[in-house]
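One file, protein39.txt, carrying compact mmCIF, C-alpha atoms:
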# COMPACT_ATOMS: atom_id res chain seq x y z
CA MET N 10 0.00 0.00 0.00
CA VAL N 11 1.20 3.50 -0.80
CA LEU N 12 0.02 6.64 0.97
CA GLU N 13 0.84 10.14 -0.17
CA GLY N 14 1.24 13.09 2.16
CA LYS N 15 3.40 16.11 2.57
CA SER N 16 7.03 16.01 3.59
CA VAL N 17 8.24 18.28 6.36
CA PHE N 18 11.77 16.93 6.29
CA GLY N 19 13.67 14.83 3.79
CA GLY N 20 15.44 11.52 4.25
CA ILE N 21 14.53 7.86 4.05
CA ALA N 22 13.51 5.63 6.92
CA ILE N 23 12.94 1.89 6.78
CA GLY N 24 11.45 0.09 9.74
CA ARG N 25 8.37 -1.11 11.54
CA LEU N 26 5.31 1.12 11.81
CA SER N 27 4.14 1.85 15.30
CA ILE N 28 1.00 3.80 16.14
CA TYR N 29 1.50 6.09 19.11
CA ASN N 30 -0.81 5.06 21.95
CA LYS N 31 -2.43 8.14 23.24
CA LYS N 32 -3.49 7.83 26.78
CA GLU N 33 -7.21 8.56 26.91
CA ASN N 34 -8.27 9.72 30.30
CA GLN N 35 -11.55 8.19 31.36
CA VAL N 36 -13.20 10.63 33.70
CA LYS N 37 -16.23 9.81 35.77
CA ARG N 38 -18.38 12.29 37.57
CA GLU N 39 -18.35 11.54 41.26
CA LYS N 40 -20.03 13.19 44.18
CA ILE N 41 -17.59 14.33 46.84
CA THR N 42 -18.20 15.34 50.44
CA ASP N 43 -15.06 17.20 51.47
CA VAL N 44 -14.95 20.19 49.10
CA GLU N 45 -11.84 21.77 50.57
CA ALA N 46 -9.87 18.53 50.39
CA GLU N 47 -10.87 18.14 46.73
CA ILE N 48 -9.73 21.67 45.94
CA THR N 49 -6.40 20.90 47.61
CA ARG N 50 -6.12 17.74 45.47
CA PHE N 51 -6.60 19.88 42.38
CA THR N 52 -4.13 22.56 43.53
CA ASP N 53 -1.47 19.96 44.34
CA ALA N 54 -1.93 18.25 40.96
CA LYS N 55 -1.69 21.62 39.21
CA GLU N 56 1.61 22.35 40.97
CA THR N 57 2.96 18.91 40.00
CA ALA N 58 1.91 19.57 36.40
CA LYS N 59 3.80 22.86 36.44
CA GLU N 60 6.89 21.10 37.75
CA GLN N 61 6.67 18.59 34.89
CA LEU N 62 6.31 21.42 32.39
CA LYS N 63 9.39 23.15 33.80
CA GLY N 64 11.33 19.96 33.10
CA PHE N 65 9.89 19.74 29.56
CA TYR N 66 10.88 23.34 28.94
CA LYS N 67 14.51 22.65 29.82
CA LYS N 68 14.57 19.54 27.67
CA ALA N 69 12.86 21.27 24.74
CA VAL N 70 15.28 24.21 24.81
CA LYS N 71 18.03 21.70 24.04
CA GLU N 72 15.98 19.84 21.44
CA VAL N 73 14.18 22.58 19.52
CA GLY N 74 15.54 25.89 20.83
CA GLU N 75 14.21 28.57 23.14
CA VAL N 76 11.56 30.04 20.86
CA ASN N 77 9.90 26.69 20.19
CA ALA N 78 10.25 25.58 23.79
CA ALA N 79 8.29 28.63 24.94
CA ILE N 80 5.02 26.71 24.55
CA PHE N 81 5.83 24.94 27.82
CA GLU N 82 6.11 28.28 29.61
CA VAL N 83 2.79 29.28 28.12
CA HIS N 84 1.29 26.00 29.37
CA GLN N 85 2.46 26.79 32.89
CA MET N 86 0.77 30.18 32.69
CA MET N 87 -2.41 28.63 31.36
CA LEU N 88 -2.50 26.38 34.40
CA ASP N 89 -2.38 29.47 36.60
CA ASP N 90 -4.94 31.41 34.58
CA LEU N 91 -7.50 32.75 37.04
CA ASP N 92 -10.50 32.09 34.78
CA TYR N 93 -9.41 28.49 34.33
CA VAL N 94 -8.62 27.89 38.01
CA GLU N 95 -11.76 29.67 39.23
CA SER N 96 -13.93 27.68 36.87
CA ILE N 97 -12.51 24.43 38.27
CA THR N 98 -12.69 25.38 41.94
CA ASN N 99 -16.20 26.83 41.52
CA MET N 100 -17.38 23.58 39.95
CA ILE N 101 -15.91 21.54 42.79
CA ARG N 102 -17.48 23.87 45.34
CA THR N 103 -20.95 24.41 43.91
CA GLN N 104 -21.56 21.05 42.22
CA GLU N 105 -19.59 18.94 44.73
CA VAL N 106 -17.86 17.02 41.95
CA ASN N 107 -14.44 15.35 41.87
CA ALA N 108 -11.44 17.36 40.68
CA GLU N 109 -10.96 15.15 37.59
CA PHE N 110 -14.47 15.94 36.37
CA ALA N 111 -14.13 19.67 37.06
CA VAL N 112 -10.82 19.81 35.16
CA ALA N 113 -12.20 17.81 32.22
CA SER N 114 -15.34 19.97 31.93
CA THR N 115 -13.44 23.22 32.23
CA GLY N 116 -10.84 22.02 29.73
CA ASP N 117 -13.64 21.16 27.28
CA ASN N 118 -15.27 24.56 27.67
CA PHE N 119 -12.05 26.50 27.17
CA SER N 120 -10.91 24.41 24.24
CA LYS N 121 -14.33 24.90 22.59
CA MET N 122 -13.84 28.63 22.90
CA PHE N 123 -10.58 28.38 20.91
CA ALA N 124 -11.95 25.86 18.42
CA ALA N 125 -14.78 28.27 17.60
CA MET N 126 -12.43 31.12 16.73
CA ASP N 127 -12.16 32.38 13.19
CA ASP N 128 -8.38 31.99 13.15
CA ASP N 129 -6.36 28.87 12.34
CA TYR N 130 -3.64 29.67 14.83
CA MET N 131 -6.11 30.13 17.67
CA LYS N 132 -7.99 26.97 16.65
CA GLU N 133 -4.78 25.05 17.23
CA ARG N 134 -4.65 26.43 20.77
CA ALA N 135 -7.63 24.24 21.63
CA ALA N 136 -5.11 21.40 21.67
CA ASP N 137 -3.03 23.25 24.27
CA VAL N 138 -5.97 23.51 26.63
CA LYS N 139 -6.72 19.81 26.22
CA ASP N 140 -3.09 18.99 26.76
CA ILE N 141 -2.76 20.87 30.06
CA SER N 142 -6.10 19.53 31.31
CA ASN N 143 -5.13 15.94 30.47
CA ARG N 144 -1.85 16.44 32.27
CA VAL N 145 -3.62 17.45 35.49
CA ILE N 146 -6.13 14.60 35.13
CA SER N 147 -3.31 12.06 34.61
CA ILE N 148 -1.64 13.29 37.78
CA LEU N 149 -4.91 13.11 39.72
CA GLN N 150 -5.39 9.55 38.48
CA ASN N 151 -1.73 8.52 38.84
CA ALA N 152 -1.86 7.47 35.20
CA GLU N 153 0.99 7.05 32.75
CA ASN N 154 1.24 9.09 29.60
CA GLY N 155 1.39 7.61 26.12
CA SER N 156 4.70 6.22 24.99
CA VAL N 157 6.65 4.19 22.51
CA THR N 158 6.88 0.62 23.64
CA GLY N 159 9.33 -2.01 22.49
CA GLU N 160 13.05 -2.04 21.99
CA GLU N 161 13.31 -1.62 18.24
CA PRO N 162 13.37 1.89 16.74
CA VAL N 163 10.17 2.52 14.76
CA ILE N 164 8.46 4.76 12.26
CA LEU N 165 6.09 6.54 14.61
CA LEU N 166 2.52 7.09 13.39
CA ALA N 167 0.08 9.40 15.16
CA ASP N 168 -2.97 11.57 14.60
CA ASP N 169 -0.92 14.46 15.75
CA LEU N 170 1.58 14.82 18.54
CA ALA N 171 1.34 17.48 21.21
CA PRO N 172 4.62 19.22 22.12
CA SER N 173 4.45 17.56 25.54
CA GLU N 174 4.23 14.17 23.83
CA THR N 175 7.15 14.69 21.48
CA VAL N 176 9.36 16.05 24.26
CA GLN N 177 8.78 12.92 26.35
CA LEU N 178 9.56 10.47 23.55
CA ASP N 179 12.67 8.37 23.68
CA LYS N 180 14.20 9.83 20.50
CA SER N 181 16.55 6.89 20.00
CA LYS N 182 13.43 4.79 19.29
CA VAL N 183 12.14 7.00 16.49
CA LEU N 184 13.22 6.62 12.86
CA SER N 185 10.62 8.96 11.45
CA PHE N 186 7.45 10.88 12.38
CA VAL N 187 4.29 10.36 10.33
CA THR N 188 1.10 12.18 11.30
CA ARG N 189 -2.43 12.50 9.94
CA HIS N 190 -2.70 16.14 10.94
CA GLY N 191 -0.13 18.67 12.04
CA SER N 192 1.58 21.44 10.14
CA THR N 193 5.03 22.15 8.79
CA ASN N 194 5.48 24.50 11.74
CA SER N 195 4.36 22.05 14.38
CA HIS N 196 6.59 21.06 17.24
CA THR N 197 6.94 17.59 15.73
CA ALA N 198 8.07 19.02 12.39
CA ILE N 199 10.62 21.27 14.06
CA LEU N 200 11.84 18.38 16.15
CA ALA N 201 12.22 16.19 13.06
CA ARG N 202 14.34 18.86 11.41
CA THR N 203 16.48 19.23 14.54
CA MET N 204 16.86 15.46 14.82
CA ASN N 205 17.59 15.28 11.12
CA ILE N 206 15.02 12.54 10.48
CA PRO N 207 12.34 12.31 7.78
CA ALA N 208 8.81 13.37 8.70
CA LEU N 209 5.50 13.37 6.85
CA ILE N 210 2.16 15.01 7.57
CA GLY N 211 -1.26 14.49 6.02
CA ILE N 212 -0.90 10.70 5.85
CA ASP N 213 -4.28 9.08 6.41
CA PHE N 214 -3.23 5.66 7.66
CA SER N 215 -5.59 3.01 9.01
CA GLU N 216 -5.19 1.45 12.45
CA ASP N 217 -4.36 -2.01 11.05
CA VAL N 218 -0.93 -0.93 9.78
CA ASN N 219 0.48 -1.13 13.30
CA GLY N 220 3.50 -3.46 13.38
CA LYS N 221 3.87 -3.74 9.61
CA MET N 222 7.05 -2.88 7.73
CA GLY N 223 7.19 0.54 6.14
CA ILE N 224 9.36 2.93 4.19
CA VAL N 225 9.15 6.69 4.61
CA ASP N 226 10.37 8.69 1.66
CA GLY N 227 10.79 12.19 3.02
CA TYR N 228 11.79 13.50 -0.41
CA THR N 229 8.52 12.64 -2.13
CA GLY N 230 6.18 12.62 0.89
CA THR N 231 5.37 8.94 0.46
CA LEU N 232 4.73 6.19 2.97
CA TYR N 233 5.01 2.61 1.70
CA ILE N 234 3.27 0.00 3.83
CA GLU N 235 4.46 -3.59 3.40
CA PRO N 236 6.45 -2.57 0.32
CA ASP N 237 7.01 -5.31 -2.25
CA GLU N 238 10.45 -6.62 -3.02
CA GLU N 239 10.91 -4.29 -5.95
CA ILE N 240 10.34 -1.13 -3.89
CA MET N 241 12.41 -2.51 -1.06
CA LYS N 242 15.26 -3.16 -3.50
CA LYS N 243 14.90 0.33 -4.95
CA TYR N 244 15.32 1.92 -1.53
CA GLU N 245 18.04 -0.46 -0.45
CA ALA N 246 19.86 0.56 -3.64
CA LYS N 247 19.56 4.22 -2.68
CA LYS N 248 21.41 3.61 0.52
CA PRO N 249 24.85 4.54 -0.74
CA ARG N 250 23.59 7.84 -2.14
CA MET N 251 21.04 8.91 0.44
CA LYS N 252 21.02 9.14 4.14
CA ILE N 253 18.85 6.22 5.18
CA ARG N 254 17.78 5.51 8.68
CA SER N 255 16.70 2.00 9.35
CA VAL N 256 16.69 -0.48 12.14
CA PHE N 257 19.52 -2.28 10.43
CA TYR N 258 21.68 0.76 10.82
CA TRP N 259 20.71 1.50 14.35
CA ASN N 260 21.76 -1.81 15.79
CA MET B 17 -6.56 55.90 34.12
CA LYS B 18 -3.99 55.80 31.33
CA GLU B 19 -4.74 54.78 27.76
CA PHE B 20 -2.56 53.80 24.83
CA LYS B 21 -3.67 52.83 21.34
CA TYR B 22 -1.54 50.44 19.36
CA VAL B 23 -1.80 48.64 16.02
CA ILE B 24 -0.39 45.09 16.11
CA LYS B 25 2.48 44.57 13.71
CA ASP B 26 3.40 40.97 14.43
CA GLU B 27 2.29 38.74 11.54
CA GLN B 28 0.71 36.18 13.82
CA GLY B 29 -1.13 38.73 15.95
CA ILE B 30 -1.12 38.34 19.72
CA HIS B 31 -0.15 34.67 19.69
CA ALA B 32 0.51 32.41 22.64
CA ARG B 33 4.12 33.26 23.42
CA PRO B 34 3.93 37.08 23.46
CA ALA B 35 0.51 36.85 25.14
CA GLY B 36 2.16 34.80 27.87
CA LEU B 37 5.06 37.22 28.25
CA PHE B 38 2.69 40.19 28.28
CA VAL B 39 0.48 38.63 30.95
CA LYS B 40 3.56 37.97 33.06
CA GLU B 41 4.62 41.63 32.81
CA ALA B 42 1.10 42.89 33.52
CA ALA B 43 0.70 40.63 36.55
CA ALA B 44 3.70 42.31 38.17
CA PHE B 45 1.73 45.57 38.62
CA PRO B 46 -0.89 46.17 41.30
CA CYS B 47 -3.17 48.24 39.04
CA LYS B 48 -5.86 46.98 36.73
CA VAL B 49 -4.58 46.26 33.22
CA ILE B 50 -7.09 45.96 30.39
CA ILE B 51 -6.73 45.27 26.68
CA GLU B 52 -9.65 46.40 24.57
CA LYS B 53 -10.42 45.42 21.00
CA ASP B 54 -13.57 46.55 19.19
CA GLY B 55 -15.27 47.39 22.47
CA LYS B 56 -14.47 44.00 23.98
CA GLU B 57 -12.33 44.14 27.11
CA ALA B 58 -10.00 41.51 28.52
CA ASP B 59 -8.17 41.41 31.82
CA ALA B 60 -4.53 41.50 30.69
CA LYS B 61 -3.46 39.43 33.69
CA ARG B 62 -5.40 36.42 32.36
CA ILE B 63 -3.80 34.61 29.43
CA PHE B 64 -6.96 32.89 28.17
CA ALA B 65 -8.82 36.20 28.19
CA VAL B 66 -6.06 37.92 26.20
CA MET B 67 -5.80 35.07 23.69
CA GLY B 68 -9.59 35.00 23.54
CA LEU B 69 -9.58 38.46 21.95
CA ALA B 70 -7.87 36.83 18.94
CA VAL B 71 -6.07 40.03 18.01
CA LYS B 72 -4.67 39.82 14.49
CA CYS B 73 -1.98 41.71 12.65
CA GLY B 74 -3.15 45.19 11.64
CA GLN B 75 -5.86 45.42 14.30
CA GLU B 76 -5.92 48.21 16.84
CA ILE B 77 -6.05 47.61 20.55
CA THR B 78 -6.32 49.98 23.47
CA LEU B 79 -4.23 49.29 26.51
CA LYS B 80 -5.60 50.71 29.77
CA THR B 81 -4.01 50.84 33.19
CA ASP B 82 -6.00 52.00 36.18
CA GLY B 83 -5.00 52.34 39.82
CA GLU B 84 -1.79 52.06 41.79
CA ASN B 85 1.36 52.58 39.69
CA GLU B 86 -0.74 53.05 36.54
CA GLU B 87 1.82 55.36 34.95
CA GLU B 88 4.79 53.07 35.49
CA ALA B 89 2.72 50.09 34.29
CA MET B 90 1.70 51.99 31.16
CA ASN B 91 5.29 52.95 30.37
CA LYS B 92 6.54 49.41 30.73
CA LEU B 93 3.64 47.66 29.00
CA SER B 94 3.35 50.05 26.06
CA ALA B 95 7.09 49.62 25.51
CA PHE B 96 6.58 45.85 25.58
CA LEU B 97 3.90 46.11 22.88
CA GLU B 98 6.11 48.24 20.66
CA GLU B 99 9.07 45.92 21.04
CA ASN B 100 7.34 42.56 20.76
CA LEU B 101 4.11 42.95 18.86
Kindly return the structure encoded in the file as structure tokens.
Amino acid sequence: MVLEGKSVFGGIAIGRLSIYNKKENQVKREKITDVEAEITRFTDAKETAKEQLKGFYKKAVKEVGEVNAAIFEVHQMMLDDLDYVESITNMIRTQEVNAEFAVASTGDNFSKMFAAMDDDYMKERAADVKDISNRVISILQNAENGSVTGEEPVILLADDLAPSETVQLDKSKVLSFVTRHGSTNSHTAILARTMNIPALIGIDFSEDVNGKMGIVDGYTGTLYIEPDEEIMKKYEAKKPRMKIRSVFYWN
Amino acid sequence: MKEFKYVIKDEQGIHARPAGLFVKEAAAFPCKVIIEKDGKEADAKRIFAVMGLAVKCGQEITLKTDGENEEEAMNKLSAFLEENL
């Protein structure tokens, strides 16, 4: 199978396809009795989230530079935004709901506000609100974030990757980034350029490609899934002339 | 109360990063800090409110400071706008 998309960085990668497992937070509405204790739970989780983001910022400065790392500073400020915090604490207080539910509802409301804006840049900010809210919810639930599993470096497939997701990835396990959405200016695209690995966007893959062999051609914007021998040979032959990243070279 | 009108020159408008930096600067002053666009006001100490104005390149905003240290706040914040946006 051959899928066409748009290249954000050139190069060739040969390896197994792995779909990034996003951690979906399941949030249930629960009735609580101790309102103040629940607000403290939220405040503590928010502070932990800010600590994590400080760490991401430092890491991202090294990986993608100060300007692109700034998103993690903005995320910290969003977590302290009075409208956001007040909305959450008011919900806990007046509706006597658990912190997870209050964060999820508030996150939804704020991200809807951005999604409804007549501005592509601001529309993308809806993802930031979801990202910070999910971070707090994960902390409240002691849950793990999504990750790359397995030992072998892979061609990583995802809907889109949030900056906080790319910064946490073990980069030695990634041969290439392939996303359905995303833009040439996304954090993932910038990271790919910094890492010097091929990356494609606008590739509409199906879920059943997980684990199959693939070739990313970052020069043409093509993803080959289970390439036949002829294509495989063609790319193997390119090896001497082009920079090819593959599992065979990584070991 | 002090007022300052400014037309945004940054191509991306008041996007996340400068909005964040601006909010940080504004929060350091005790006075009220307001950004107004087309009659809609936002508390400049709240990042979601500022981003919610969706100010684009070429649009005019009015910066208002009101209360304690309003003059110093206006000097600093108007300079920030001119340098960064």
Nearest to N:Gly116: which of B:Glu41, B:Lys18, B:Phe64, B:Glu76 is it, counting only C-alpha atoms?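 Distance minimum relative to N:Gly116 lands on B:Phe64.
With distances taken over only C-alpha atoms, B:Ala44 is the one residue among B:Ile24, B:Ala44, B:Ala32, B:Ile63 lying closest to B:Lys92.
Comparing the minimum interatomic distances between B:Thr81 and each of B:Ala35, B:Cys47, B:Ala58, B:Ile30, counting all atoms listed in the file, we find that B:Cys47 sits nearest.
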Please, which residues of chain N lie no more than 9 Å from chain B when the count uses all atoms listed in the file, and can they be set out as a PyMOL selection string? chain N and resi 76+79-80+82-84+86-87+89-93+119+122-123+126-128+130-131+134
Tell me, as a ChimeraX atom specification, which residues lie within 8 Å of stretch 188-191 of chain N, counting only C-alpha atoms; anything in the same chain fewer than 2 positions away does not count. /N:166-170,186,193,195,209-214
One number please: atom CA of B:Ile77 to atom CA of B:Glu98, in Å, one decimal.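 Computing it gives 12.2 Å between the two atoms.
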Within-10 Å shell of (-10.4, 25.9, 37.2) in input frame, only C-alpha atoms, as a CSV table (one decimal) with C-alpha atoms, keeping the file's coordinate frame:
chain,number,residue,atom,x,y,z
N,48,ILE,CA,-9.7,21.7,45.9
N,51,PHE,CA,-6.6,19.9,42.4
N,52,THR,CA,-4.1,22.6,43.5
N,55,LYS,CA,-1.7,21.6,39.2
N,88,LEU,CA,-2.5,26.4,34.4
N,89,ASP,CA,-2.4,29.5,36.6
N,90,ASP,CA,-4.9,31.4,34.6
N,91,LEU,CA,-7.5,32.8,37.0
N,92,ASP,CA,-10.5,32.1,34.8
N,93,TYR,CA,-9.4,28.5,34.3
N,94,VAL,CA,-8.6,27.9,38.0
N,95,GLU,CA,-11.8,29.7,39.2
N,96,SER,CA,-13.9,27.7,36.9
N,97,ILE,CA,-12.5,24.4,38.3
N,98,THR,CA,-12.7,25.4,41.9
N,99,ASN,CA,-16.2,26.8,41.5
N,100,MET,CA,-17.4,23.6,40.0
N,101,ILE,CA,-15.9,21.5,42.8
N,108,ALA,CA,-11.4,17.4,40.7
N,111,ALA,CA,-14.1,19.7,37.1
N,112,VAL,CA,-10.8,19.8,35.2
N,113,ALA,CA,-12.2,17.8,32.2
N,114,SER,CA,-15.3,20.0,31.9
N,115,THR,CA,-13.4,23.2,32.2
N,116,GLY,CA,-10.8,22.0,29.7
N,142,SER,CA,-6.1,19.5,31.3
Let me make sure I understand: among N:Asp179, N:Asp237, N:Asp117, N:Glu174, which one has the smallest atom-to-atom distance to N:Phe81 if we use only C-alpha atoms? N:Glu174
Report the distance between atom CA of N:Ile148 and atom CA of N:Val44 in Å, rounded to one decimal place.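 For atom CA of N:Ile148 relative to atom CA of N:Val44, the distance reads 18.8 Å.
Between atom CA of N:Ile206 and atom CA of N:Lys68 the interatomic distance comes to 18.6 Å.
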From the list B:Asp26, B:Glu19, B:Pro46, B:Glu99, which residue is nearest B:Gly83 when using all atoms listed in the file? B:Pro46
For the point (13.6, 3.1, 22.1) in file coordinates, what residues are within 6 Å, counting only C-alpha atoms? Give the answer as number ranges by chain? N: 160, 162, 179, 181-182
For N:Thr229, work out the shell of residues within 12 Å, counting only C-alpha atoms and skipping chain neighbours fewer than 3 positions away, then give it as a list of chain:residue names.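 Once the nearby chain positions are removed, what remains is N:Val11, N:Leu12, N:Glu13, N:Gly14, N:Lys15, N:Ser16, N:Val17, N:Phe18, N:Gly19, N:Gly20, N:Ile21, N:Pro207, N:Ala208, N:Leu209, N:Ile210, N:Ile224, N:Val225, N:Asp226, N:Leu232, N:Tyr233.
Ranking B:Cys73, B:Lys48, B:Ala60, B:Glu84 by their shortest atom-to-atom distance to B:Tyr22, with only C-alpha atoms included, puts B:Cys73 first.
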